[in-house]
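S.K.: Next up, run32.tsv (TSV, N, CA, C and O atoms).
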chain	number	residue	atom	x	y	z
A	1	MET	N	2.85	-59.68	-40.67
A	1	MET	CA	3.51	-60.72	-39.91
A	1	MET	C	3.66	-61.96	-40.79
A	1	MET	O	2.74	-62.34	-41.50
A	2	SER	N	4.76	-62.64	-40.72
A	2	SER	CA	5.05	-63.80	-41.57
A	2	SER	C	4.46	-65.06	-40.95
A	2	SER	O	4.42	-65.23	-39.74
A	3	ASP	N	4.00	-65.96	-41.83
A	3	ASP	CA	3.46	-67.23	-41.36
A	3	ASP	C	4.54	-68.29	-41.20
A	3	ASP	O	4.28	-69.39	-40.74
A	4	GLN	N	5.76	-67.96	-41.60
A	4	GLN	CA	6.84	-68.92	-41.51
A	4	GLN	C	7.41	-68.96	-40.09
A	4	GLN	O	7.54	-67.92	-39.45
A	5	PRO	N	7.74	-70.16	-39.62
A	5	PRO	CA	8.33	-70.25	-38.27
A	5	PRO	C	9.72	-69.62	-38.27
A	5	PRO	O	10.39	-69.60	-39.30
A	6	PRO	N	10.13	-69.10	-37.13
A	6	PRO	CA	11.48	-68.52	-37.06
A	6	PRO	C	12.53	-69.60	-37.28
A	6	PRO	O	12.33	-70.76	-36.90
A	7	THR	N	13.59	-69.22	-37.92
A	7	THR	CA	14.66	-70.20	-38.17
A	7	THR	C	15.52	-70.33	-36.92
A	7	THR	O	15.80	-69.36	-36.24
A	8	ALA	N	15.90	-71.55	-36.65
A	8	ALA	CA	16.75	-71.82	-35.48
A	8	ALA	C	18.17	-71.40	-35.80
A	8	ALA	O	18.64	-71.57	-36.93
A	9	PRO	N	18.86	-70.86	-34.83
A	9	PRO	CA	20.27	-70.50	-35.07
A	9	PRO	C	21.11	-71.75	-35.34
A	9	PRO	O	20.78	-72.84	-34.88
A	10	HIS	N	22.14	-71.57	-36.08
A	10	HIS	CA	23.07	-72.67	-36.34
A	10	HIS	C	24.06	-72.71	-35.18
A	10	HIS	O	25.07	-71.99	-35.16
A	11	TRP	N	23.78	-73.58	-34.20
A	11	TRP	CA	24.52	-73.58	-32.94
A	11	TRP	C	25.99	-73.94	-33.10
A	11	TRP	O	26.84	-73.43	-32.37
A	12	GLU	N	26.31	-74.80	-34.05
A	12	GLU	CA	27.72	-75.16	-34.25
A	12	GLU	C	28.54	-73.95	-34.69
A	12	GLU	O	29.68	-73.77	-34.27
A	13	THR	N	27.95	-73.13	-35.56
A	13	THR	CA	28.64	-71.93	-36.03
A	13	THR	C	28.81	-70.94	-34.88
A	13	THR	O	29.87	-70.33	-34.72
A	14	ILE	N	27.76	-70.77	-34.10
A	14	ILE	CA	27.83	-69.85	-32.96
A	14	ILE	C	28.87	-70.32	-31.96
A	14	ILE	O	29.67	-69.54	-31.46
A	15	ASP	N	28.90	-71.62	-31.69
A	15	ASP	CA	29.85	-72.18	-30.73
A	15	ASP	C	31.29	-71.98	-31.19
A	15	ASP	O	32.19	-71.82	-30.37
A	16	ALA	N	31.51	-71.98	-32.50
A	16	ALA	CA	32.86	-71.81	-33.03
A	16	ALA	C	33.29	-70.35	-33.09
A	16	ALA	O	34.48	-70.06	-33.27
A	17	ASP	N	32.36	-69.43	-32.92
A	17	ASP	CA	32.66	-67.99	-33.00
A	17	ASP	C	33.55	-67.58	-31.84
A	17	ASP	O	33.21	-67.80	-30.67
A	18	PRO	N	34.69	-66.94	-32.11
A	18	PRO	CA	35.58	-66.49	-31.03
A	18	PRO	C	34.90	-65.51	-30.06
A	18	PRO	O	35.19	-65.54	-28.86
A	19	ALA	N	34.00	-64.68	-30.55
A	19	ALA	CA	33.30	-63.74	-29.67
A	19	ALA	C	32.41	-64.50	-28.68
A	19	ALA	O	32.31	-64.14	-27.50
A	20	PHE	N	31.76	-65.56	-29.15
A	20	PHE	CA	30.92	-66.37	-28.27
A	20	PHE	C	31.77	-67.11	-27.25
A	20	PHE	O	31.42	-67.17	-26.07
A	21	ARG	N	32.88	-67.66	-27.68
A	21	ARG	CA	33.78	-68.37	-26.77
A	21	ARG	C	34.31	-67.42	-25.70
A	21	ARG	O	34.44	-67.78	-24.53
A	22	SER	N	34.62	-66.20	-26.10
A	22	SER	CA	35.09	-65.19	-25.16
A	22	SER	C	34.00	-64.86	-24.14
A	22	SER	O	34.28	-64.72	-22.94
A	23	LEU	N	32.78	-64.71	-24.62
A	23	LEU	CA	31.64	-64.44	-23.72
A	23	LEU	C	31.49	-65.57	-22.70
A	23	LEU	O	31.35	-65.31	-21.50
A	24	LEU	N	31.57	-66.81	-23.16
A	24	LEU	CA	31.45	-67.94	-22.24
A	24	LEU	C	32.59	-67.96	-21.22
A	24	LEU	O	32.35	-68.21	-20.03
A	25	ARG	N	33.80	-67.69	-21.67
A	25	ARG	CA	34.95	-67.67	-20.75
A	25	ARG	C	34.77	-66.60	-19.68
A	25	ARG	O	35.02	-66.85	-18.50
A	26	ARG	N	34.31	-65.41	-20.08
A	26	ARG	CA	34.11	-64.34	-19.10
A	26	ARG	C	33.00	-64.68	-18.12
A	26	ARG	O	33.11	-64.40	-16.92
A	27	LYS	N	31.94	-65.30	-18.62
A	27	LYS	CA	30.85	-65.70	-17.72
A	27	LYS	C	31.32	-66.74	-16.71
A	27	LYS	O	31.06	-66.62	-15.52
A	28	VAL	N	31.98	-67.76	-17.20
A	28	VAL	CA	32.45	-68.84	-16.32
A	28	VAL	C	33.45	-68.30	-15.31
A	28	VAL	O	33.38	-68.63	-14.12
A	29	ARG	N	34.35	-67.44	-15.75
A	29	ARG	CA	35.34	-66.86	-14.84
A	29	ARG	C	34.65	-66.07	-13.73
A	29	ARG	O	34.98	-66.23	-12.55
A	30	PHE	N	33.70	-65.23	-14.09
A	30	PHE	CA	33.00	-64.44	-13.08
A	30	PHE	C	32.23	-65.34	-12.12
A	30	PHE	O	32.28	-65.14	-10.91
A	31	ILE	N	31.53	-66.30	-12.65
A	31	ILE	CA	30.70	-67.17	-11.81
A	31	ILE	C	31.56	-68.00	-10.85
A	31	ILE	O	31.25	-68.11	-9.66
A	32	ILE	N	32.66	-68.54	-11.35
A	32	ILE	CA	33.53	-69.34	-10.48
A	32	ILE	C	34.17	-68.46	-9.40
A	32	ILE	O	34.17	-68.82	-8.22
A	33	LEU	N	34.70	-67.31	-9.80
A	33	LEU	CA	35.35	-66.43	-8.82
A	33	LEU	C	34.36	-65.89	-7.79
A	33	LEU	O	34.67	-65.84	-6.59
A	34	SER	N	33.17	-65.51	-8.23
A	34	SER	CA	32.20	-64.99	-7.27
A	34	SER	C	31.70	-66.09	-6.34
A	34	SER	O	31.45	-65.85	-5.15
A	35	THR	N	31.56	-67.31	-6.86
A	35	THR	CA	31.16	-68.43	-6.01
A	35	THR	C	32.23	-68.74	-4.97
A	35	THR	O	31.92	-68.98	-3.80
A	36	LEU	N	33.49	-68.73	-5.40
A	36	LEU	CA	34.60	-68.95	-4.46
A	36	LEU	C	34.62	-67.86	-3.39
A	36	LEU	O	34.76	-68.15	-2.20
A	37	PHE	N	34.48	-66.61	-3.82
A	37	PHE	CA	34.47	-65.50	-2.87
A	37	PHE	C	33.33	-65.67	-1.87
A	37	PHE	O	33.53	-65.56	-0.66
A	38	PHE	N	32.13	-65.95	-2.36
A	38	PHE	CA	30.97	-66.11	-1.49
A	38	PHE	C	31.20	-67.25	-0.49
A	38	PHE	O	30.94	-67.10	0.70
A	39	THR	N	31.68	-68.38	-0.97
A	39	THR	CA	31.88	-69.55	-0.11
A	39	THR	C	32.92	-69.27	0.97
A	39	THR	O	32.70	-69.58	2.15
A	40	ILE	N	34.03	-68.66	0.59
A	40	ILE	CA	35.08	-68.34	1.57
A	40	ILE	C	34.56	-67.33	2.58
A	40	ILE	O	34.75	-67.49	3.79
A	41	TYR	N	33.87	-66.30	2.10
A	41	TYR	CA	33.34	-65.27	3.01
A	41	TYR	C	32.32	-65.88	3.96
A	41	TYR	O	32.33	-65.61	5.15
A	42	TYR	N	31.44	-66.71	3.41
A	42	TYR	CA	30.37	-67.31	4.21
A	42	TYR	C	30.93	-68.20	5.32
A	42	TYR	O	30.49	-68.14	6.47
A	43	PHE	N	31.89	-69.05	4.97
A	43	PHE	CA	32.44	-69.98	5.96
A	43	PHE	C	33.52	-69.35	6.84
A	43	PHE	O	33.99	-69.99	7.79
A	44	SER	N	33.90	-68.13	6.57
A	44	SER	CA	34.87	-67.45	7.44
A	44	SER	C	34.30	-67.19	8.83
A	44	SER	O	35.05	-67.25	9.81
A	45	LEU	N	33.01	-66.93	8.92
A	45	LEU	CA	32.42	-66.66	10.24
A	45	LEU	C	32.55	-67.85	11.18
A	45	LEU	O	33.10	-67.70	12.27
A	46	PRO	N	32.07	-69.04	10.83
A	46	PRO	CA	32.24	-70.15	11.78
A	46	PRO	C	33.70	-70.51	12.04
A	46	PRO	O	34.06	-70.90	13.15
A	47	VAL	N	34.54	-70.35	11.04
A	47	VAL	CA	35.97	-70.63	11.23
A	47	VAL	C	36.56	-69.63	12.23
A	47	VAL	O	37.27	-70.02	13.17
A	48	MET	N	36.25	-68.36	12.03
A	48	MET	CA	36.78	-67.34	12.94
A	48	MET	C	36.23	-67.51	14.36
A	48	MET	O	36.97	-67.37	15.33
A	49	VAL	N	34.95	-67.82	14.48
A	49	VAL	CA	34.36	-68.02	15.81
A	49	VAL	C	34.97	-69.25	16.48
A	49	VAL	O	35.22	-69.26	17.68
A	50	GLY	N	35.24	-70.30	15.68
A	50	GLY	CA	35.82	-71.52	16.25
A	50	GLY	C	37.28	-71.39	16.62
A	50	GLY	O	37.70	-71.86	17.67
A	51	TRP	N	38.07	-70.74	15.78
A	51	TRP	CA	39.51	-70.67	16.02
A	51	TRP	C	39.95	-69.43	16.78
A	51	TRP	O	40.99	-69.42	17.42
A	52	PHE	N	39.18	-68.34	16.65
A	52	PHE	CA	39.55	-67.09	17.32
A	52	PHE	C	38.36	-66.52	18.09
A	52	PHE	O	37.91	-65.41	17.83
A	53	PRO	N	37.86	-67.28	19.06
A	53	PRO	CA	36.64	-66.84	19.76
A	53	PRO	C	36.82	-65.52	20.52
A	53	PRO	O	35.91	-64.70	20.56
A	54	GLU	N	37.98	-65.31	21.11
A	54	GLU	CA	38.19	-64.08	21.87
A	54	GLU	C	38.18	-62.86	20.95
A	54	GLU	O	37.65	-61.81	21.32
A	55	LEU	N	38.78	-62.98	19.80
A	55	LEU	CA	38.77	-61.89	18.83
A	55	LEU	C	37.34	-61.57	18.40
A	55	LEU	O	36.93	-60.41	18.35
A	56	MET	N	36.57	-62.60	18.12
A	56	MET	CA	35.21	-62.38	17.64
A	56	MET	C	34.28	-61.87	18.74
A	56	MET	O	33.24	-61.30	18.44
A	57	LYS	N	34.66	-62.06	20.00
A	57	LYS	CA	33.87	-61.53	21.12
A	57	LYS	C	34.16	-60.06	21.39
A	57	LYS	O	33.50	-59.45	22.22
A	58	THR	N	35.12	-59.49	20.69
A	58	THR	CA	35.48	-58.10	20.91
A	58	THR	C	34.28	-57.19	20.67
A	58	THR	O	33.69	-57.20	19.58
A	59	ALA	N	33.93	-56.42	21.69
A	59	ALA	CA	32.79	-55.50	21.58
A	59	ALA	C	33.16	-54.33	20.67
A	59	ALA	O	34.26	-53.79	20.74
A	60	VAL	N	32.21	-53.97	19.80
A	60	VAL	CA	32.45	-52.88	18.87
A	60	VAL	C	31.52	-51.71	19.20
A	60	VAL	O	31.97	-50.58	19.34
A	61	LEU	N	30.24	-51.99	19.33
A	61	LEU	CA	29.24	-50.98	19.67
A	61	LEU	C	28.38	-51.52	20.80
A	61	LEU	O	27.47	-52.30	20.56
A	62	GLY	N	28.70	-51.15	22.00
A	62	GLY	CA	27.94	-51.67	23.14
A	62	GLY	C	28.14	-53.18	23.25
A	62	GLY	O	29.25	-53.66	23.38
A	63	LYS	N	27.04	-53.92	23.18
A	63	LYS	CA	27.12	-55.38	23.26
A	63	LYS	C	27.27	-56.04	21.90
A	63	LYS	O	27.33	-57.27	21.80
A	64	VAL	N	27.31	-55.26	20.85
A	64	VAL	CA	27.50	-55.80	19.50
A	64	VAL	C	28.98	-56.09	19.32
A	64	VAL	O	29.83	-55.21	19.44
A	65	ASN	N	29.27	-57.36	19.00
A	65	ASN	CA	30.67	-57.75	18.85
A	65	ASN	C	31.01	-58.00	17.38
A	65	ASN	O	30.17	-57.88	16.50
A	66	LEU	N	32.28	-58.35	17.14
A	66	LEU	CA	32.74	-58.58	15.77
A	66	LEU	C	31.97	-59.72	15.09
A	66	LEU	O	31.71	-59.64	13.89
A	67	ALA	N	31.62	-60.75	15.84
A	67	ALA	CA	30.89	-61.87	15.24
A	67	ALA	C	29.54	-61.42	14.70
A	67	ALA	O	29.15	-61.80	13.60
A	68	TYR	N	28.82	-60.59	15.48
A	68	TYR	CA	27.54	-60.08	15.01
A	68	TYR	C	27.71	-59.20	13.78
A	68	TYR	O	26.95	-59.29	12.82
A	69	LEU	N	28.70	-58.33	13.82
A	69	LEU	CA	28.95	-57.46	12.67
A	69	LEU	C	29.30	-58.26	11.42
A	69	LEU	O	28.84	-57.96	10.32
A	70	PHE	N	30.13	-59.27	11.61
A	70	PHE	CA	30.52	-60.10	10.47
A	70	PHE	C	29.30	-60.84	9.92
A	70	PHE	O	29.11	-60.93	8.70
A	71	ALA	N	28.45	-61.36	10.80
A	71	ALA	CA	27.24	-62.06	10.37
A	71	ALA	C	26.33	-61.11	9.59
A	71	ALA	O	25.78	-61.48	8.54
A	72	LEU	N	26.16	-59.90	10.08
A	72	LEU	CA	25.32	-58.92	9.37
A	72	LEU	C	25.95	-58.51	8.04
A	72	LEU	O	25.24	-58.25	7.07
A	73	SER	N	27.27	-58.46	7.99
A	73	SER	CA	27.93	-58.08	6.74
A	73	SER	C	27.69	-59.11	5.64
A	73	SER	O	27.78	-58.78	4.46
A	74	GLN	N	27.37	-60.34	6.03
A	74	GLN	CA	27.10	-61.36	5.01
A	74	GLN	C	25.84	-61.04	4.22
A	74	GLN	O	25.75	-61.36	3.04
A	75	PHE	N	24.87	-60.40	4.86
A	75	PHE	CA	23.68	-59.97	4.12
A	75	PHE	C	24.05	-58.91	3.09
A	75	PHE	O	23.61	-58.97	1.94
A	76	VAL	N	24.86	-57.95	3.52
A	76	VAL	CA	25.30	-56.89	2.61
A	76	VAL	C	26.10	-57.49	1.46
A	76	VAL	O	25.91	-57.14	0.29
A	77	MET	N	27.00	-58.42	1.78
A	77	MET	CA	27.83	-59.04	0.76
A	77	MET	C	26.97	-59.81	-0.24
A	77	MET	O	27.16	-59.70	-1.45
A	78	ALA	N	25.99	-60.58	0.24
A	78	ALA	CA	25.15	-61.38	-0.66
A	78	ALA	C	24.32	-60.49	-1.58
A	78	ALA	O	24.21	-60.75	-2.78
A	79	TRP	N	23.72	-59.44	-1.03
A	79	TRP	CA	22.92	-58.53	-1.86
A	79	TRP	C	23.79	-57.78	-2.86
A	79	TRP	O	23.40	-57.56	-4.00
A	80	THR	N	24.99	-57.39	-2.44
A	80	THR	CA	25.90	-56.70	-3.35
A	80	THR	C	26.35	-57.63	-4.47
A	80	THR	O	26.37	-57.24	-5.65
A	81	LEU	N	26.67	-58.85	-4.13
A	81	LEU	CA	27.07	-59.83	-5.14
A	81	LEU	C	25.92	-60.10	-6.11
A	81	LEU	O	26.14	-60.21	-7.32
A	82	ALA	N	24.71	-60.20	-5.60
A	82	ALA	CA	23.54	-60.40	-6.46
A	82	ALA	C	23.34	-59.21	-7.39
A	82	ALA	O	23.03	-59.39	-8.58
A	83	TRP	N	23.52	-58.00	-6.88
A	83	TRP	CA	23.37	-56.80	-7.70
A	83	TRP	C	24.43	-56.77	-8.81
A	83	TRP	O	24.11	-56.49	-9.97
A	84	ILE	N	25.66	-57.09	-8.45
A	84	ILE	CA	26.74	-57.12	-9.45
A	84	ILE	C	26.44	-58.17	-10.51
A	84	ILE	O	26.60	-57.93	-11.72
A	85	TYR	N	25.97	-59.34	-10.08
A	85	TYR	CA	25.66	-60.40	-11.04
A	85	TYR	C	24.56	-59.96	-12.00
A	85	TYR	O	24.67	-60.21	-13.21
A	86	THR	N	23.50	-59.35	-11.50
A	86	THR	CA	22.41	-58.96	-12.40
A	86	THR	C	22.89	-57.92	-13.41
A	86	THR	O	22.46	-57.95	-14.58
A	87	ARG	N	23.74	-57.02	-12.99
A	87	ARG	CA	24.29	-56.04	-13.94
A	87	ARG	C	25.13	-56.72	-15.01
A	87	ARG	O	25.03	-56.42	-16.19
A	88	LYS	N	26.00	-57.63	-14.57
A	88	LYS	CA	26.85	-58.34	-15.53
A	88	LYS	C	26.01	-59.22	-16.45
A	88	LYS	O	26.26	-59.27	-17.66
A	89	ALA	N	25.03	-59.91	-15.90
A	89	ALA	CA	24.20	-60.81	-16.70
A	89	ALA	C	23.42	-60.03	-17.76
A	89	ALA	O	23.23	-60.53	-18.88
A	90	ALA	N	22.98	-58.84	-17.44
A	90	ALA	CA	22.27	-58.01	-18.43
A	90	ALA	C	23.20	-57.71	-19.61
A	90	ALA	O	22.78	-57.76	-20.78
A	91	GLY	N	24.45	-57.42	-19.31
A	91	GLY	CA	25.43	-57.18	-20.38
A	91	GLY	C	25.68	-58.44	-21.20
A	91	GLY	O	25.78	-58.37	-22.43
A	92	TRP	N	25.79	-59.57	-20.53
A	92	TRP	CA	26.00	-60.82	-21.25
A	92	TRP	C	24.81	-61.14	-22.15
A	92	TRP	O	24.98	-61.62	-23.27
A	93	ASP	N	23.60	-60.86	-21.67
A	93	ASP	CA	22.41	-61.10	-22.48
A	93	ASP	C	22.42	-60.24	-23.74
A	93	ASP	O	22.05	-60.71	-24.82
A	94	LEU	N	22.83	-58.99	-23.61
A	94	LEU	CA	22.91	-58.12	-24.78
A	94	LEU	C	23.94	-58.64	-25.76
A	94	LEU	O	23.71	-58.62	-26.99
A	95	GLU	N	25.08	-59.07	-25.25
A	95	GLU	CA	26.13	-59.63	-26.14
A	95	GLU	C	25.62	-60.88	-26.86
A	95	GLU	O	25.86	-61.06	-28.05
A	96	ALA	N	24.95	-61.75	-26.13
A	96	ALA	CA	24.43	-62.99	-26.72
A	96	ALA	C	23.39	-62.68	-27.77
A	96	ALA	O	23.38	-63.29	-28.86
A	97	ALA	N	22.51	-61.72	-27.50
A	97	ALA	CA	21.49	-61.33	-28.48
A	97	ALA	C	22.14	-60.77	-29.74
A	97	ALA	O	21.72	-61.07	-30.85
A	98	ALA	N	23.20	-59.97	-29.57
A	98	ALA	CA	23.90	-59.42	-30.73
A	98	ALA	C	24.56	-60.53	-31.54
A	98	ALA	O	24.54	-60.50	-32.78
A	99	LEU	N	25.11	-61.51	-30.87
A	99	LEU	CA	25.72	-62.65	-31.58
A	99	LEU	C	24.66	-63.42	-32.37
A	99	LEU	O	24.91	-63.85	-33.50
A	100	LEU	N	23.49	-63.60	-31.78
A	100	LEU	CA	22.43	-64.33	-32.48
A	100	LEU	C	21.90	-63.54	-33.66
A	100	LEU	O	21.53	-64.12	-34.69
A	101	ARG	N	21.84	-62.22	-33.54
A	101	ARG	CA	21.36	-61.40	-34.65
A	101	ARG	C	22.31	-61.48	-35.84
A	101	ARG	O	21.89	-61.40	-36.99
A	102	CYS	N	23.60	-61.61	-35.56
A	102	CYS	CA	24.60	-61.69	-36.62
A	102	CYS	C	24.53	-63.00	-37.37
A	102	CYS	O	25.09	-63.14	-38.45
A	103	ARG	N	23.90	-63.98	-36.81
A	103	ARG	CA	23.84	-65.31	-37.44
A	103	ARG	C	22.64	-65.42	-38.28
A	103	ARG	O	21.64	-65.59	-38.31
Represent the structure from my file as structure tokens, please.
M.R.:
Amino acid sequence: MSDQPPTAPHWETIDADPAFRSLLRRKVRFIILSTLFFTIYYFSLPVMVGWFPELMKTAVLGKVNLAYLFALSQFVMAWTLAWIYTRKAAGWDLEAAALLRCR
């Protein structure tokens, strides 16, 4: 094992790398789009209940109506979005590590 401290990456060079810039663009695009999707989906329930109450009162399974189903679907949507993000983030971490190794 070496007694020398690890060398810090040259951040200006990494920032100028087109592969790094592409990685950042893809990350930002995914994060912004998924945040927009989540926000719109999340606030759709109160909007739909407020503007279309009769539609949301429609019974689907016994006393379970569309509003309840939509509310429950938000849990599925949030967990699915979290799962997709963790998969994507793992890939981004591998790309970032490869970029740092090249420097």
S.K.: So what do you get for CA of Leu55 (chain A) versus CA of Ala71 (chain A), distance-wise?
M.R.: 14.3 Å
S.K.: Go ahead and compute the interatomic distance for atom C of Tyr42 (chain A) and atom N of Ala90 (chain A), in Å to one decimal.
M.R.: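 These atoms are spaced 25.9 Å apart.
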S.K.: Box in all listed atoms of region 30-42 of chain A, axis-aligned, with 8 Å more on each side; write out centre and edge lengths in Å to one decimal as JSON.
M.R.:
{"center_x": 32.9, "center_y": -67.0, "center_z": -3.8, "size_x": 21.0, "size_y": 21.1, "size_z": 36.6}
S.K.: Could you jot down the CA of Lys57 (chain A) to CA of Gln74 (chain A) separation for me, Å, one decimal place?
M.R.: 17.5 Å
S.K.: Run DSSP on the backbone and grab whatever in region 52-97 of chain A lands in strand (DSSP E); send it over as a list of chain:residue names.
M.R.: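 Selection result, strand (DSSP E) within region 52-97 of chain A: A:Ala59, A:Val60, A:Leu61, A:Val64, A:Asn65.
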S.K.: Determine which residues of chain A DSSP labels as helix (DSSP H, G or I) from the backbone of this structure, then write them out as a PyMOL selection string.
M.R.: chain A and resi 11-16+18-51+53-56+66-102
S.K.: When you count only C-alpha atoms, which of these residues is closest to Arg25 (chain A): A:Trp92, A:Phe37, A:Tyr85, A:Trp79?
M.R.: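 Nearest to Arg25 (chain A): A:Trp92.
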S.K.: Residues near region 98-103 of chain A, anyone? I mean within 8 Å using all atoms listed in the file, not counting same-chain ones fewer than 2 positions away, as JSON, numbers by chain.
M.R.: {"A": [7, 8, 9, 10, 13, 14, 19, 20, 91, 92, 93, 94, 95, 96]}
